[in-house]
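One file, upload.txt, carrying compact mmCIF, C-alpha atoms (C1' of nucleotides):
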```txt
# COMPACT_ATOMS: atom_id res chain seq x y z
CA MET A 1 -113.05 20.54 -22.86
CA ASP A 2 -113.54 18.20 -25.71
CA GLU A 3 -110.87 20.00 -27.60
CA GLN A 4 -108.46 19.74 -24.76
CA GLY A 5 -109.10 16.05 -24.41
CA ARG A 6 -108.29 15.60 -28.02
CA LEU A 7 -105.16 17.57 -27.64
CA MET A 8 -103.98 15.50 -24.75
CA GLN A 9 -104.62 12.37 -26.63
CA ALA A 10 -102.93 13.71 -29.66
CA ARG A 11 -99.91 14.75 -27.64
CA GLY A 12 -99.62 11.31 -26.20
CA VAL A 13 -99.51 9.31 -29.37
CA GLY A 14 -99.82 11.86 -32.07
CA ILE A 15 -96.73 10.93 -33.92
CA PRO A 16 -96.15 12.14 -37.43
CA GLY A 17 -96.40 9.31 -39.85
CA LEU A 18 -98.36 7.16 -37.46
CA PRO A 19 -102.01 7.92 -37.87
CA ILE A 20 -104.22 7.46 -34.90
CA HIS A 21 -107.54 5.91 -34.65
CA GLY A 22 -108.41 6.76 -31.16
CA GLY A 23 -110.41 9.91 -31.72
CA PRO A 24 -113.90 10.36 -33.03
CA GLN A 25 -114.65 8.66 -36.30
CA THR A 26 -114.98 11.93 -38.04
CA LEU A 27 -111.39 12.77 -37.42
CA THR A 28 -109.69 10.16 -39.54
CA PRO A 29 -106.39 11.69 -40.50
CA HIS A 30 -105.13 11.43 -43.98
CA PRO A 31 -101.53 12.41 -44.27
CA MET A 32 -100.63 13.53 -47.71
CA HIS A 33 -97.40 11.65 -47.95
CA GLU A 34 -98.93 8.30 -47.14
CA PRO A 35 -98.40 6.04 -50.13
CA PRO A 36 -101.71 5.16 -51.60
CA THR A 37 -101.48 1.44 -51.18
CA ASP A 38 -104.50 -0.73 -51.41
CA ASN A 39 -104.11 -2.50 -48.15
CA GLY A 40 -102.81 0.56 -46.38
CA GLU A 41 -106.01 1.08 -44.50
CA PRO A 42 -106.13 -2.27 -42.72
CA ARG A 43 -102.53 -1.92 -41.60
CA LYS A 44 -103.11 1.52 -40.23
CA GLN A 45 -106.09 0.18 -38.49
CA ASP A 46 -103.97 -2.54 -37.03
CA ILE A 47 -101.35 -0.20 -35.66
CA GLY A 48 -103.96 2.15 -34.39
CA ASP A 49 -105.51 -0.66 -32.43
CA ILE A 50 -102.21 -1.62 -30.91
CA LEU A 51 -101.54 1.92 -29.86
CA GLN A 52 -104.99 2.19 -28.42
CA GLN A 53 -104.38 -0.88 -26.37
CA ILE A 54 -101.07 0.44 -25.16
CA MET A 55 -102.66 3.71 -24.18
CA THR A 56 -105.40 2.14 -22.16
CA ILE A 57 -103.38 -0.57 -20.56
CA THR A 58 -102.68 1.43 -17.45
CA ASP A 59 -106.37 1.86 -16.78
CA GLN A 60 -106.95 -1.82 -16.54
CA SER A 61 -106.63 -4.17 -13.65
CA LEU A 62 -103.33 -5.92 -13.19
CA ASP A 63 -104.40 -9.36 -14.27
CA GLU A 64 -106.16 -8.08 -17.28
CA ALA A 65 -103.21 -5.88 -18.16
CA GLN A 66 -100.86 -8.81 -17.80
CA ALA A 67 -102.75 -10.78 -20.33
CA LYS A 68 -102.93 -7.84 -22.69
CA LYS A 69 -99.26 -7.20 -22.27
CA HIS A 70 -98.45 -10.70 -23.16
CA ALA A 71 -100.62 -10.55 -26.17
CA LEU A 72 -99.04 -7.33 -27.28
CA ASN A 73 -95.63 -8.69 -26.62
CA CYS A 74 -96.20 -11.56 -28.95
CA HIS A 75 -97.66 -9.43 -31.66
CA ARG A 76 -95.83 -9.83 -34.93
CA MET A 77 -95.67 -6.10 -35.38
CA LYS A 78 -93.96 -5.47 -32.12
CA PRO A 79 -90.32 -5.41 -33.25
CA ALA A 80 -91.05 -3.09 -36.10
CA LEU A 81 -93.12 -0.83 -33.93
CA PHE A 82 -90.45 -0.72 -31.28
CA SER A 83 -87.77 0.13 -33.74
CA VAL A 84 -89.88 2.95 -35.09
CA LEU A 85 -90.54 4.24 -31.60
CA CYS A 86 -86.87 4.05 -30.81
CA GLU A 87 -86.11 6.08 -33.85
CA ILE A 88 -88.67 8.62 -32.89
CA LYS A 89 -87.28 8.86 -29.41
CA GLU A 90 -83.88 9.49 -30.86
CA LYS A 91 -85.15 12.13 -33.23
CA THR A 92 -87.28 13.95 -30.73
CA GLY A 93 -84.47 13.93 -28.25
CA LEU A 94 -86.81 12.66 -25.62
CA SER A 95 -84.08 11.15 -23.55
CA ILE A 96 -81.10 13.01 -24.83
CA ARG A 97 -80.23 16.62 -24.08
CA ASN A 98 -78.23 15.71 -21.05
CA SER A 99 -75.39 14.46 -23.10
CA GLN A 100 -72.86 17.25 -23.05
CA GLU A 101 -70.42 14.87 -24.65
CA GLU A 102 -66.76 15.34 -23.95
CA GLU A 103 -67.14 17.24 -20.75
CA PRO A 104 -64.16 19.54 -20.52
CA VAL A 105 -62.06 17.18 -18.41
CA ASP A 106 -62.80 18.91 -15.14
CA PRO A 107 -59.71 20.96 -14.30
CA GLN A 108 -60.09 20.21 -10.62
CA LEU A 109 -59.97 16.51 -11.33
CA MET A 110 -56.86 17.06 -13.38
CA ARG A 111 -55.31 18.92 -10.51
CA LEU A 112 -56.10 16.16 -8.07
CA ASP A 113 -54.81 13.52 -10.43
CA ASN A 114 -51.59 15.36 -11.00
CA MET A 115 -51.08 15.86 -7.34
CA LEU A 116 -51.71 12.24 -6.49
CA LEU A 117 -49.33 11.29 -9.23
CA ALA A 118 -46.70 13.66 -7.92
CA GLU A 119 -47.08 12.34 -4.41
CA GLY A 120 -46.59 8.83 -5.66
CA VAL A 121 -50.02 7.77 -4.51
CA ALA A 122 -51.48 7.17 -7.89
CA GLY A 123 -48.55 6.34 -10.12
CA PRO A 124 -46.75 3.03 -10.59
CA GLU A 125 -45.89 0.58 -7.88
CA LYS A 126 -43.74 0.81 -4.81
CA GLY A 127 -40.23 1.62 -6.02
CA GLY A 128 -41.15 4.46 -8.31
CA GLY A 129 -43.72 5.70 -5.87
CA SER A 130 -41.41 6.50 -3.02
CA ALA A 131 -38.87 7.96 -5.39
CA ALA A 132 -41.49 10.23 -6.82
CA ALA A 133 -42.55 11.23 -3.34
CA ALA A 134 -39.00 12.05 -2.38
CA ALA A 135 -38.57 14.05 -5.56
CA ALA A 136 -41.77 15.93 -4.89
CA ALA A 137 -40.68 16.65 -1.36
CA ALA A 138 -37.35 17.94 -2.56
CA ALA A 139 -38.94 20.02 -5.25
CA SER A 140 -41.62 21.76 -3.26
CA GLY A 141 -40.17 21.64 0.20
CA GLY A 142 -36.91 23.15 -0.86
CA VAL A 143 -35.14 21.34 1.90
CA SER A 144 -35.12 17.58 1.78
CA PRO A 145 -33.65 16.26 4.97
CA ASP A 146 -32.42 12.82 4.12
CA ASN A 147 -32.62 11.80 7.73
CA SER A 148 -33.89 8.43 6.75
CA ILE A 149 -35.24 7.36 10.11
CA GLU A 150 -38.25 9.58 10.25
CA HIS A 151 -38.45 9.56 6.50
CA SER A 152 -39.19 5.87 6.47
CA ASP A 153 -41.99 6.52 8.87
CA TYR A 154 -43.39 8.99 6.42
CA ARG A 155 -43.05 6.52 3.59
CA ASN A 156 -44.85 3.89 5.58
CA LYS A 157 -47.75 6.18 6.23
CA LEU A 158 -47.80 7.25 2.63
CA SER A 159 -47.89 3.71 1.35
CA GLN A 160 -50.67 3.03 3.80
CA ILE A 161 -52.66 5.84 2.30
CA ARG A 162 -51.88 4.55 -1.13
CA GLN A 163 -53.00 1.09 -0.25
CA ILE A 164 -56.30 2.37 1.03
CA TYR A 165 -56.69 4.59 -1.98
CA HIS A 166 -56.12 1.78 -4.42
CA ALA A 167 -58.38 -0.59 -2.52
CA GLU A 168 -61.15 1.97 -2.52
CA LEU A 169 -60.60 2.78 -6.14
CA GLU A 170 -60.82 -0.86 -7.07
CA LYS A 171 -63.92 -1.24 -4.99
CA TYR A 172 -65.53 1.66 -6.77
CA GLU A 173 -64.46 0.31 -10.11
CA GLN A 174 -65.95 -3.04 -9.33
CA ALA A 175 -69.14 -1.56 -7.98
CA CYS A 176 -69.41 0.61 -11.06
CA ASN A 177 -68.99 -2.33 -13.38
CA GLU A 178 -71.41 -4.40 -11.40
CA PHE A 179 -73.97 -1.68 -11.42
CA THR A 180 -73.46 -1.01 -15.09
CA THR A 181 -73.97 -4.60 -16.11
CA HIS A 182 -76.94 -4.77 -13.84
CA VAL A 183 -78.51 -1.75 -15.39
CA MET A 184 -77.69 -2.99 -18.85
CA ASN A 185 -79.29 -6.30 -18.14
CA LEU A 186 -82.27 -4.54 -16.72
CA LEU A 187 -82.62 -2.33 -19.77
CA ARG A 188 -82.16 -5.26 -22.08
CA GLU A 189 -84.84 -7.04 -20.18
CA GLN A 190 -87.08 -4.04 -20.39
CA SER A 191 -86.42 -3.56 -24.04
CA ARG A 192 -88.67 -6.51 -24.64
CA THR A 193 -91.58 -4.64 -23.20
CA ARG A 194 -90.77 -1.07 -24.02
CA PRO A 195 -88.83 0.55 -26.80
CA ILE A 196 -85.25 1.15 -25.78
CA SER A 197 -82.68 2.01 -28.32
CA PRO A 198 -79.07 0.89 -28.01
CA LYS A 199 -78.01 4.49 -27.89
CA GLU A 200 -80.16 4.97 -24.86
CA ILE A 201 -78.36 2.18 -23.08
CA GLU A 202 -75.08 3.69 -24.10
CA ARG A 203 -76.14 7.00 -22.70
CA MET A 204 -77.28 5.42 -19.48
CA VAL A 205 -73.90 3.77 -19.10
CA GLY A 206 -72.30 7.13 -19.66
CA ILE A 207 -74.41 8.67 -16.94
CA ILE A 208 -73.51 5.90 -14.54
CA HIS A 209 -69.84 6.31 -15.28
CA ARG A 210 -70.01 10.02 -14.75
CA LYS A 211 -71.70 9.53 -11.43
CA PHE A 212 -69.10 7.06 -10.32
CA SER A 213 -66.27 9.23 -11.48
CA SER A 214 -67.64 12.03 -9.35
CA ILE A 215 -67.54 9.64 -6.42
CA GLN A 216 -64.00 8.81 -7.39
CA MET A 217 -63.19 12.46 -7.31
CA GLN A 218 -64.35 12.63 -3.74
CA LEU A 219 -62.05 9.76 -2.94
CA LYS A 220 -59.19 11.50 -4.67
CA GLN A 221 -59.91 14.69 -2.86
CA SER A 222 -59.92 13.10 0.55
CA THR A 223 -56.79 11.18 -0.32
CA CYS A 224 -55.12 14.41 -1.28
CA GLU A 225 -56.18 15.90 1.99
CA ALA A 226 -54.74 12.98 3.89
CA VAL A 227 -51.47 13.29 2.04
CA MET A 228 -51.31 16.98 2.76
CA ILE A 229 -51.89 16.41 6.43
CA LEU A 230 -49.24 13.73 6.44
CA ARG A 231 -46.89 16.03 4.64
CA SER A 232 -47.33 18.87 7.06
CA ARG A 233 -47.03 16.43 9.92
CA PHE A 234 -43.86 14.69 8.83
CA LEU A 235 -42.06 16.71 6.24
CA ASP A 236 -42.49 20.12 7.76
CA ALA A 237 -39.31 19.91 9.73
CA ARG A 238 -40.55 22.71 11.90
CA ARG A 239 -43.02 20.34 13.41
CA LYS A 240 -40.82 17.32 13.58
CA ARG A 241 -37.74 19.05 14.86
CA ARG A 242 -34.90 16.94 16.09
CA ASN A 243 -31.97 18.30 17.96
CA PHE A 244 -28.67 17.61 16.34
CA SER A 245 -26.52 14.94 17.86
CA LYS A 246 -24.13 15.91 20.60
CA GLN A 247 -21.30 15.14 18.26
CA ALA A 248 -22.68 17.36 15.54
CA THR A 249 -23.12 20.37 17.81
CA GLU A 250 -19.62 19.78 19.04
CA VAL A 251 -18.21 19.97 15.54
CA LEU A 252 -20.23 23.07 14.78
CA ASN A 253 -19.31 24.79 18.01
CA GLU A 254 -15.71 23.95 17.48
CA TYR A 255 -15.73 25.67 14.15
CA PHE A 256 -17.72 28.60 15.45
CA TYR A 257 -15.48 29.39 18.38
CA SER A 258 -12.29 28.76 16.52
CA HIS A 259 -13.43 31.25 13.92
CA LEU A 260 -15.03 33.57 16.39
CA SER A 261 -13.60 36.63 14.76
CA ASN A 262 -15.24 35.71 11.49
CA PRO A 263 -17.74 32.92 11.96
CA TYR A 264 -18.83 32.76 8.34
CA PRO A 265 -17.92 29.42 6.85
CA SER A 266 -17.46 29.36 3.10
CA GLU A 267 -19.59 27.17 0.93
CA GLU A 268 -16.91 24.50 0.92
CA ALA A 269 -16.52 24.69 4.68
CA LYS A 270 -20.25 24.37 5.06
CA GLU A 271 -20.27 21.33 2.87
CA GLU A 272 -17.54 19.74 4.89
CA LEU A 273 -19.26 20.53 8.17
CA ALA A 274 -22.49 19.17 6.79
CA LYS A 275 -20.79 15.95 5.85
CA LYS A 276 -19.12 15.64 9.24
CA CYS A 277 -22.37 16.24 11.09
CA SER A 278 -24.53 14.29 8.66
CA ILE A 279 -26.85 17.23 8.16
CA THR A 280 -27.56 19.38 5.14
CA VAL A 281 -25.74 22.50 4.10
CA SER A 282 -28.85 24.55 4.77
CA GLN A 283 -28.95 23.17 8.25
CA VAL A 284 -25.38 24.26 8.72
CA SER A 285 -26.30 27.71 7.48
CA ASN A 286 -29.29 27.79 9.79
CA TRP A 287 -27.15 26.75 12.69
CA PHE A 288 -24.57 29.45 12.06
CA GLY A 289 -27.23 32.05 11.53
CA ASN A 290 -28.88 31.17 14.80
CA LYS A 291 -25.58 30.89 16.58
CA ARG A 292 -24.29 34.25 15.46
CA ILE A 293 -27.40 36.13 16.38
CA ARG A 294 -27.78 34.39 19.69
CA TYR A 295 -24.16 34.79 20.58
CA LYS A 296 -24.21 38.44 19.71
CA LYS A 297 -27.40 39.01 21.63
CA ASN A 298 -25.95 37.72 24.85
CA ILE A 299 -22.22 37.19 24.75
CA GLY A 300 -22.02 36.68 28.47
CA LYS A 301 -24.22 33.66 28.37
CA PHE A 302 -21.87 31.95 25.93
CA GLN A 303 -18.61 32.64 27.75
CA GLU A 304 -18.44 29.25 29.37
CA GLU A 305 -19.12 27.48 26.11
CA ALA A 306 -16.59 29.69 24.38
CA ASN A 307 -13.92 28.77 26.87
CA ILE A 308 -14.56 25.10 26.46
CA TYR A 309 -14.24 25.20 22.70
CA ALA A 310 -11.51 27.78 22.58
CA VAL A 311 -8.93 25.21 23.56
CA LYS A 312 -8.85 24.29 19.94
CA THR A 313 -6.84 27.12 18.52
CA ALA A 314 -8.04 28.94 15.50
CA VAL A 315 -6.26 28.05 12.34
CA SER A 316 -6.02 30.44 9.48
CA VAL A 317 -8.60 33.09 10.01
CA THR A 318 -8.68 36.03 7.68
CA GLN A 319 -5.64 37.68 9.22
CA GLY A 320 -5.84 37.28 12.94
CA GLY A 321 -2.40 36.16 14.06
CA HIS A 322 -2.94 37.59 17.49
CA SER A 323 -3.66 34.43 19.42
CA GLY A 324 -0.41 32.73 18.57
CA ALA A 325 1.03 32.51 22.08
CA ASN A 326 -2.15 31.12 23.45
CA SER A 327 -1.37 27.64 24.73
CA PRO A 328 -4.19 25.27 25.56
CA THR A 329 -3.95 25.31 29.30
CA THR A 330 -6.35 23.83 31.77
CA PRO A 331 -9.90 25.18 31.55
CA THR A 332 -9.71 26.37 35.14
CA SER A 333 -7.19 28.96 34.15
CA ALA A 334 -9.71 30.56 31.85
CA GLY A 335 -11.14 32.73 34.56
CA GLY A 336 -10.05 35.67 32.52
CA VAL A 337 -12.57 35.72 29.78
CA LEU A 338 -11.40 35.25 26.24
CA ALA A 339 -11.97 38.50 24.54
CA PRO A 340 -14.01 38.14 21.37
CA HIS A 341 -14.12 41.87 21.05
CA ASP A 342 -12.32 41.75 17.77
CA GLY A 343 -15.36 40.52 15.86
CA PRO A 344 -16.16 42.93 13.04
CA TRP A 345 -19.40 41.05 12.58
CA LEU A 346 -20.64 42.45 15.89
CA GLN A 347 -20.79 45.86 14.28
C1' DC B 1 -47.23 22.72 34.10
C1' DC B 2 -43.53 26.36 32.97
C1' DT B 3 -39.26 27.83 30.89
C1' DA B 4 -35.02 27.68 28.37
C1' DA B 5 -32.81 25.80 24.43
C1' DT B 6 -32.94 25.02 19.71
C1' DG B 7 -33.76 24.14 14.77
C1' DA B 8 -36.58 26.15 11.09
C1' DT B 9 -39.12 29.81 8.84
C1' DT B 10 -40.13 34.42 7.55
C1' DA B 11 -39.72 39.37 6.35
C1' DG B 12 -36.64 42.64 5.28
C1' DT B 13 -32.04 44.36 3.49
C1' DG B 14 -28.10 45.09 0.45
C1' DC C 1 -28.55 34.92 -2.91
C1' DA C 2 -26.57 35.36 1.85
C1' DC C 3 -27.44 37.44 5.91
C1' DT C 4 -29.95 39.54 10.13
C1' DA C 5 -33.59 39.76 13.24
C1' DA C 6 -37.84 38.33 14.82
C1' DT C 7 -40.76 34.57 15.41
C1' DC C 8 -42.63 29.91 15.34
C1' DA C 9 -42.84 25.17 16.97
C1' DT C 10 -40.79 21.58 19.15
C1' DT C 11 -37.75 19.45 22.61
C1' DA C 12 -35.45 18.99 27.05
C1' DG C 13 -35.31 19.72 31.83
C1' DG C 14 -36.63 21.77 36.33
```
Take the structure in the file and give it back as structure tokens.
Amino acid sequence: MDEQGRLMQARGVGIPGLPIHGGPQTLTPHPMHEPPTDNGEPRKQDIGDILQQIMTITDQSLDEAQAKKHALNCHRMKPALFSVLCEIKEKTGLSIRNSQEEEPVDPQLMRLDNMLLAEGVAGPEKGGGSAAAAAAAAASGGVSPDNSIEHSDYRNKLSQIRQIYHAELEKYEQACNEFTTHVMNLLREQSRTRPISPKEIERMVGIIHRKFSSIQMQLKQSTCEAVMILRSRFLDARRKRRNFSKQATEVLNEYFYSHLSNPYPSEEAKEELAKKCSITVSQVSNWFGNKRIRYKKNIGKFQEEANIYAVKTAVSVTQGGHSGANSPTTPTSAGGVLAPHDGPWLQ
DNA sequence: CCTAATGATTAGTG
DNA sequence: CACTAATCATTAGG
């Protein structure tokens, strides 16, 4: 028991180089490396007393402790003692060990940052932002419908998200700075009454920053989510499908039925049709793909439509000169169905 | 509501 | 890569 008590005490203040005077008289330590100065003993005694007071201060009543604290605080040895204790804390790594400096730049955070940048949420201000967003849409979406009407809606929503994101980010930043200065002030304040090394403060600031950056990551993550939802809601044309204008379908149908024997527009023809209908080339291709398959699947259903558009005579199809004598008569005379049976594309 | 029409997407093919 | 065929998701209309 006695031994254990000694051990505990020794563990508490038993610091190499700082002899203790708390134990039994018989146990006066005599470190070998202590310089044999004449007045070494009184000084050691002095420090030992201070330490003893510090150790017992928690056992005392508040008022009494307050007075003792004050007395200790004003002791001439205090600064030196504190600096020594700070050094010891550093050396023993009492408060370190959680400083995995240079954390490997969390790959997930990188991913989020890159994505936000690509979406134009994080990057520079307005102009570049929307351009970046459009570029990203074109790059990943493959098809970038420049139908600006609904696109502006998308941009509005995106800039809304961005606004919120930046506001939140700034709020976090401010809160972080506030908290940091608060903690620093607190530590500085405390450093008058307990040994705190500057490095410790530095480390504390680092911890705070890491914590806040993890909060920031949450913000980034949810922002990314919001952008993704917006994307799928507005840019996925499948969801936001708009029928082509009457005029556009007219142009397309005209081409289709006037080239019924070979309804495969060349790339140039597609480009021209796209321009005329103010849609993209891919949309033209989609339209023709759909039209061909649906026409073939049920020719009867399209007869009426065919007759309407057939009044425009085919121009130079691959070689079909058969319909030369066909004059554009009144639609009522088209009771006899036009025969599209010459389509090799029907197999 | 339901259904047909319709533009877009996807898997599969050459 | 262009195309077909099937399918999805939305729109228009009864």
Chain C residues near chain B within 8 Å, closest pair each, using all atoms listed in the file, as JSON lines:
```
{"residue": "C:DT7", "atom": "C1'", "partner": "B:DT10", "partner_atom": "C1'", "distance": 7.9}
{"residue": "C:DC8", "atom": "C1'", "partner": "B:DT9", "partner_atom": "C1'", "distance": 7.4}
{"residue": "C:DT11", "atom": "C1'", "partner": "B:DT6", "partner_atom": "C1'", "distance": 7.9}
{"residue": "C:DA12", "atom": "C1'", "partner": "B:DA5", "partner_atom": "C1'", "distance": 7.8}
```
Problem set entry | Distance query region 71-85 of chain A at most 8 Å, all atoms listed in the file, self and fewer than 2 positions along chain excluded, as number ranges by chain | A: 50, 67-69, 87-89, 192-197
For this session: Do a neighbour search on DA2 (chain C) at 12 Å with only C-alpha atoms (C1' of nucleotides), toss out local chain neighbours closer than 6 positions, and write the hits as a PyMOL selection string.
Result: (chain A and resi 264-267+282+285-286+288-289) or (chain B and resi 13-14)
For this session: Between CA of Glu119 (chain A) and CA of Glu225 (chain A), measure the distance and give it in Å to one decimal.
Result: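 That distance, rounded to one decimal, is 11.7 Å.
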Exercise. Using only C-alpha atoms (C1' of nucleotides), which of A:His182, A:His166, A:Lys291, A:Arg242 sits nearest chain C?
Worked result: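 Using only C-alpha atoms (C1' of nucleotides), the shortest distance to chain C belongs to A:Arg242.
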Can you sort out the box for region 205-224 of chain A, edges along x, y and z, all listed atoms in, 4 Å on every side, with centre and edge lengths in Å to one decimal, as JSON?
```
{"center_x": -64.8, "center_y": 9.2, "center_z": -9.6, "size_x": 27.3, "size_y": 18.9, "size_z": 28.2}
```
Problem set entry | Separation of CA of Ser258 (chain A) from CA of Ala310 (chain A), in Å and rounded to one decimal |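 Answer for the CA of Ser258 (chain A) to CA of Ala310 (chain A) separation: 6.2 Å.
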Exercise. Asn177 (chain A): which residues within 12 Å, counting all atoms listed in the file, same-chain residues fewer than 5 positions away excluded, as a ChimeraX atom specification?
Worked result: /A:170-172,182-184,205-206,208-209,212
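One distance worth recording is that between CA of Asn243 (chain A) and CA of Phe302 (chain A), which is 18.8 Å.
Among the candidates A:Arg241, A:Arg162, A:Lys301, A:Lys211, the one nearest to chain C when counting all atoms listed in the file is A:Arg241.
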For this session: Up to 9 Å from chain A, what residues of chain C turn up? Count only C-alpha atoms (C1' of nucleotides) and give them as a ChimeraX atom specification.
Result: /C:3-5,8-11
Preceding selection exported with C-alpha atoms (C1' of nucleotides) as a PDB file, in the coordinates of the input:
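Written out: out38.pdb:
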```pdb
ATOM      1  C1'  DC C   3     -27.440  37.440   5.910  1.00  0.00           C
ATOM      2  C1'  DT C   4     -29.950  39.540  10.130  1.00  0.00           C
ATOM      3  C1'  DA C   5     -33.590  39.760  13.240  1.00  0.00           C
ATOM      4  C1'  DC C   8     -42.630  29.910  15.340  1.00  0.00           C
ATOM      5  C1'  DA C   9     -42.840  25.170  16.970  1.00  0.00           C
ATOM      6  C1'  DT C  10     -40.790  21.580  19.150  1.00  0.00           C
ATOM      7  C1'  DT C  11     -37.750  19.450  22.610  1.00  0.00           C
TER       8       DT C  11
END
```
Starting from the incomplete input, reconstruct all heavy atoms of region 200-207 of chain A and write that as a PDB file, in the coordinates of the input.
```pdb
ATOM      1  N   GLU A 200     -79.657   4.609 -26.176  1.00  0.00           N
ATOM      2  CA  GLU A 200     -80.160   4.970 -24.860  1.00  0.00           C
ATOM      3  C   GLU A 200     -79.375   4.245 -23.782  1.00  0.00           C
ATOM      4  O   GLU A 200     -78.996   4.822 -22.756  1.00  0.00           O
ATOM      5  CB  GLU A 200     -81.633   4.569 -24.774  1.00  0.00           C
ATOM      6  CG  GLU A 200     -82.537   5.685 -24.355  1.00  0.00           C
ATOM      7  CD  GLU A 200     -83.972   5.219 -24.388  1.00  0.00           C
ATOM      8  OE1 GLU A 200     -84.408   4.743 -25.440  1.00  0.00           O
ATOM      9  OE2 GLU A 200     -84.629   5.322 -23.346  1.00  0.00           O
ATOM     10  N   ILE A 201     -79.143   2.966 -24.035  1.00  0.00           N
ATOM     11  CA  ILE A 201     -78.360   2.180 -23.080  1.00  0.00           C
ATOM     12  C   ILE A 201     -76.971   2.768 -22.948  1.00  0.00           C
ATOM     13  O   ILE A 201     -76.445   2.957 -21.846  1.00  0.00           O
ATOM     14  CB  ILE A 201     -78.290   0.712 -23.553  1.00  0.00           C
ATOM     15  CG1 ILE A 201     -79.688   0.106 -23.585  1.00  0.00           C
ATOM     16  CG2 ILE A 201     -77.377  -0.076 -22.632  1.00  0.00           C
ATOM     17  CD1 ILE A 201     -79.713  -1.337 -24.035  1.00  0.00           C
ATOM     18  N   GLU A 202     -76.411   3.093 -24.083  1.00  0.00           N
ATOM     19  CA  GLU A 202     -75.080   3.690 -24.100  1.00  0.00           C
ATOM     20  C   GLU A 202     -75.051   4.948 -23.231  1.00  0.00           C
ATOM     21  O   GLU A 202     -74.166   5.140 -22.402  1.00  0.00           O
ATOM     22  CB  GLU A 202     -74.741   4.069 -25.537  1.00  0.00           C
ATOM     23  CG  GLU A 202     -73.290   3.886 -25.928  1.00  0.00           C
ATOM     24  CD  GLU A 202     -73.170   4.133 -27.422  1.00  0.00           C
ATOM     25  OE1 GLU A 202     -73.472   3.228 -28.218  1.00  0.00           O
ATOM     26  OE2 GLU A 202     -72.790   5.262 -27.760  1.00  0.00           O
ATOM     27  N   ARG A 203     -76.069   5.750 -23.423  1.00  0.00           N
ATOM     28  CA  ARG A 203     -76.140   7.000 -22.700  1.00  0.00           C
ATOM     29  C   ARG A 203     -76.272   6.754 -21.185  1.00  0.00           C
ATOM     30  O   ARG A 203     -75.653   7.412 -20.368  1.00  0.00           O
ATOM     31  CB  ARG A 203     -77.336   7.808 -23.185  1.00  0.00           C
ATOM     32  CG  ARG A 203     -76.969   9.243 -23.496  1.00  0.00           C
ATOM     33  CD  ARG A 203     -78.129   9.953 -24.133  1.00  0.00           C
ATOM     34  NE  ARG A 203     -78.258   9.650 -25.543  1.00  0.00           N
ATOM     35  CZ  ARG A 203     -79.343   9.123 -26.099  1.00  0.00           C
ATOM     36  NH1 ARG A 203     -80.383   8.832 -25.370  1.00  0.00           N
ATOM     37  NH2 ARG A 203     -79.375   8.887 -27.385  1.00  0.00           N
ATOM     38  N   MET A 204     -77.094   5.764 -20.892  1.00  0.00           N
ATOM     39  CA  MET A 204     -77.280   5.420 -19.480  1.00  0.00           C
ATOM     40  C   MET A 204     -75.959   5.001 -18.859  1.00  0.00           C
ATOM     41  O   MET A 204     -75.608   5.412 -17.746  1.00  0.00           O
ATOM     42  CB  MET A 204     -78.307   4.281 -19.389  1.00  0.00           C
ATOM     43  CG  MET A 204     -78.790   3.995 -17.994  1.00  0.00           C
ATOM     44  SD  MET A 204     -79.613   5.383 -17.252  1.00  0.00           S
ATOM     45  CE  MET A 204     -81.227   5.218 -17.967  1.00  0.00           C
ATOM     46  N   VAL A 205     -75.216   4.198 -19.595  1.00  0.00           N
ATOM     47  CA  VAL A 205     -73.900   3.770 -19.100  1.00  0.00           C
ATOM     48  C   VAL A 205     -73.011   4.978 -18.870  1.00  0.00           C
ATOM     49  O   VAL A 205     -72.311   5.077 -17.858  1.00  0.00           O
ATOM     50  CB  VAL A 205     -73.258   2.792 -20.111  1.00  0.00           C
ATOM     51  CG1 VAL A 205     -71.808   2.543 -19.739  1.00  0.00           C
ATOM     52  CG2 VAL A 205     -74.013   1.481 -20.128  1.00  0.00           C
ATOM     53  N   GLY A 206     -73.097   5.909 -19.823  1.00  0.00           N
ATOM     54  CA  GLY A 206     -72.300   7.130 -19.660  1.00  0.00           C
ATOM     55  C   GLY A 206     -72.669   7.868 -18.392  1.00  0.00           C
ATOM     56  O   GLY A 206     -71.806   8.332 -17.649  1.00  0.00           O
ATOM     57  N   ILE A 207     -73.947   7.967 -18.143  1.00  0.00           N
ATOM     58  CA  ILE A 207     -74.410   8.670 -16.940  1.00  0.00           C
ATOM     59  C   ILE A 207     -73.880   7.969 -15.698  1.00  0.00           C
ATOM     60  O   ILE A 207     -73.369   8.612 -14.765  1.00  0.00           O
ATOM     61  CB  ILE A 207     -75.956   8.718 -16.911  1.00  0.00           C
ATOM     62  CG1 ILE A 207     -76.469   9.666 -18.004  1.00  0.00           C
ATOM     63  CG2 ILE A 207     -76.435   9.153 -15.547  1.00  0.00           C
ATOM     64  CD1 ILE A 207     -77.960   9.583 -18.217  1.00  0.00           C
TER      65      ILE A 207
END
```
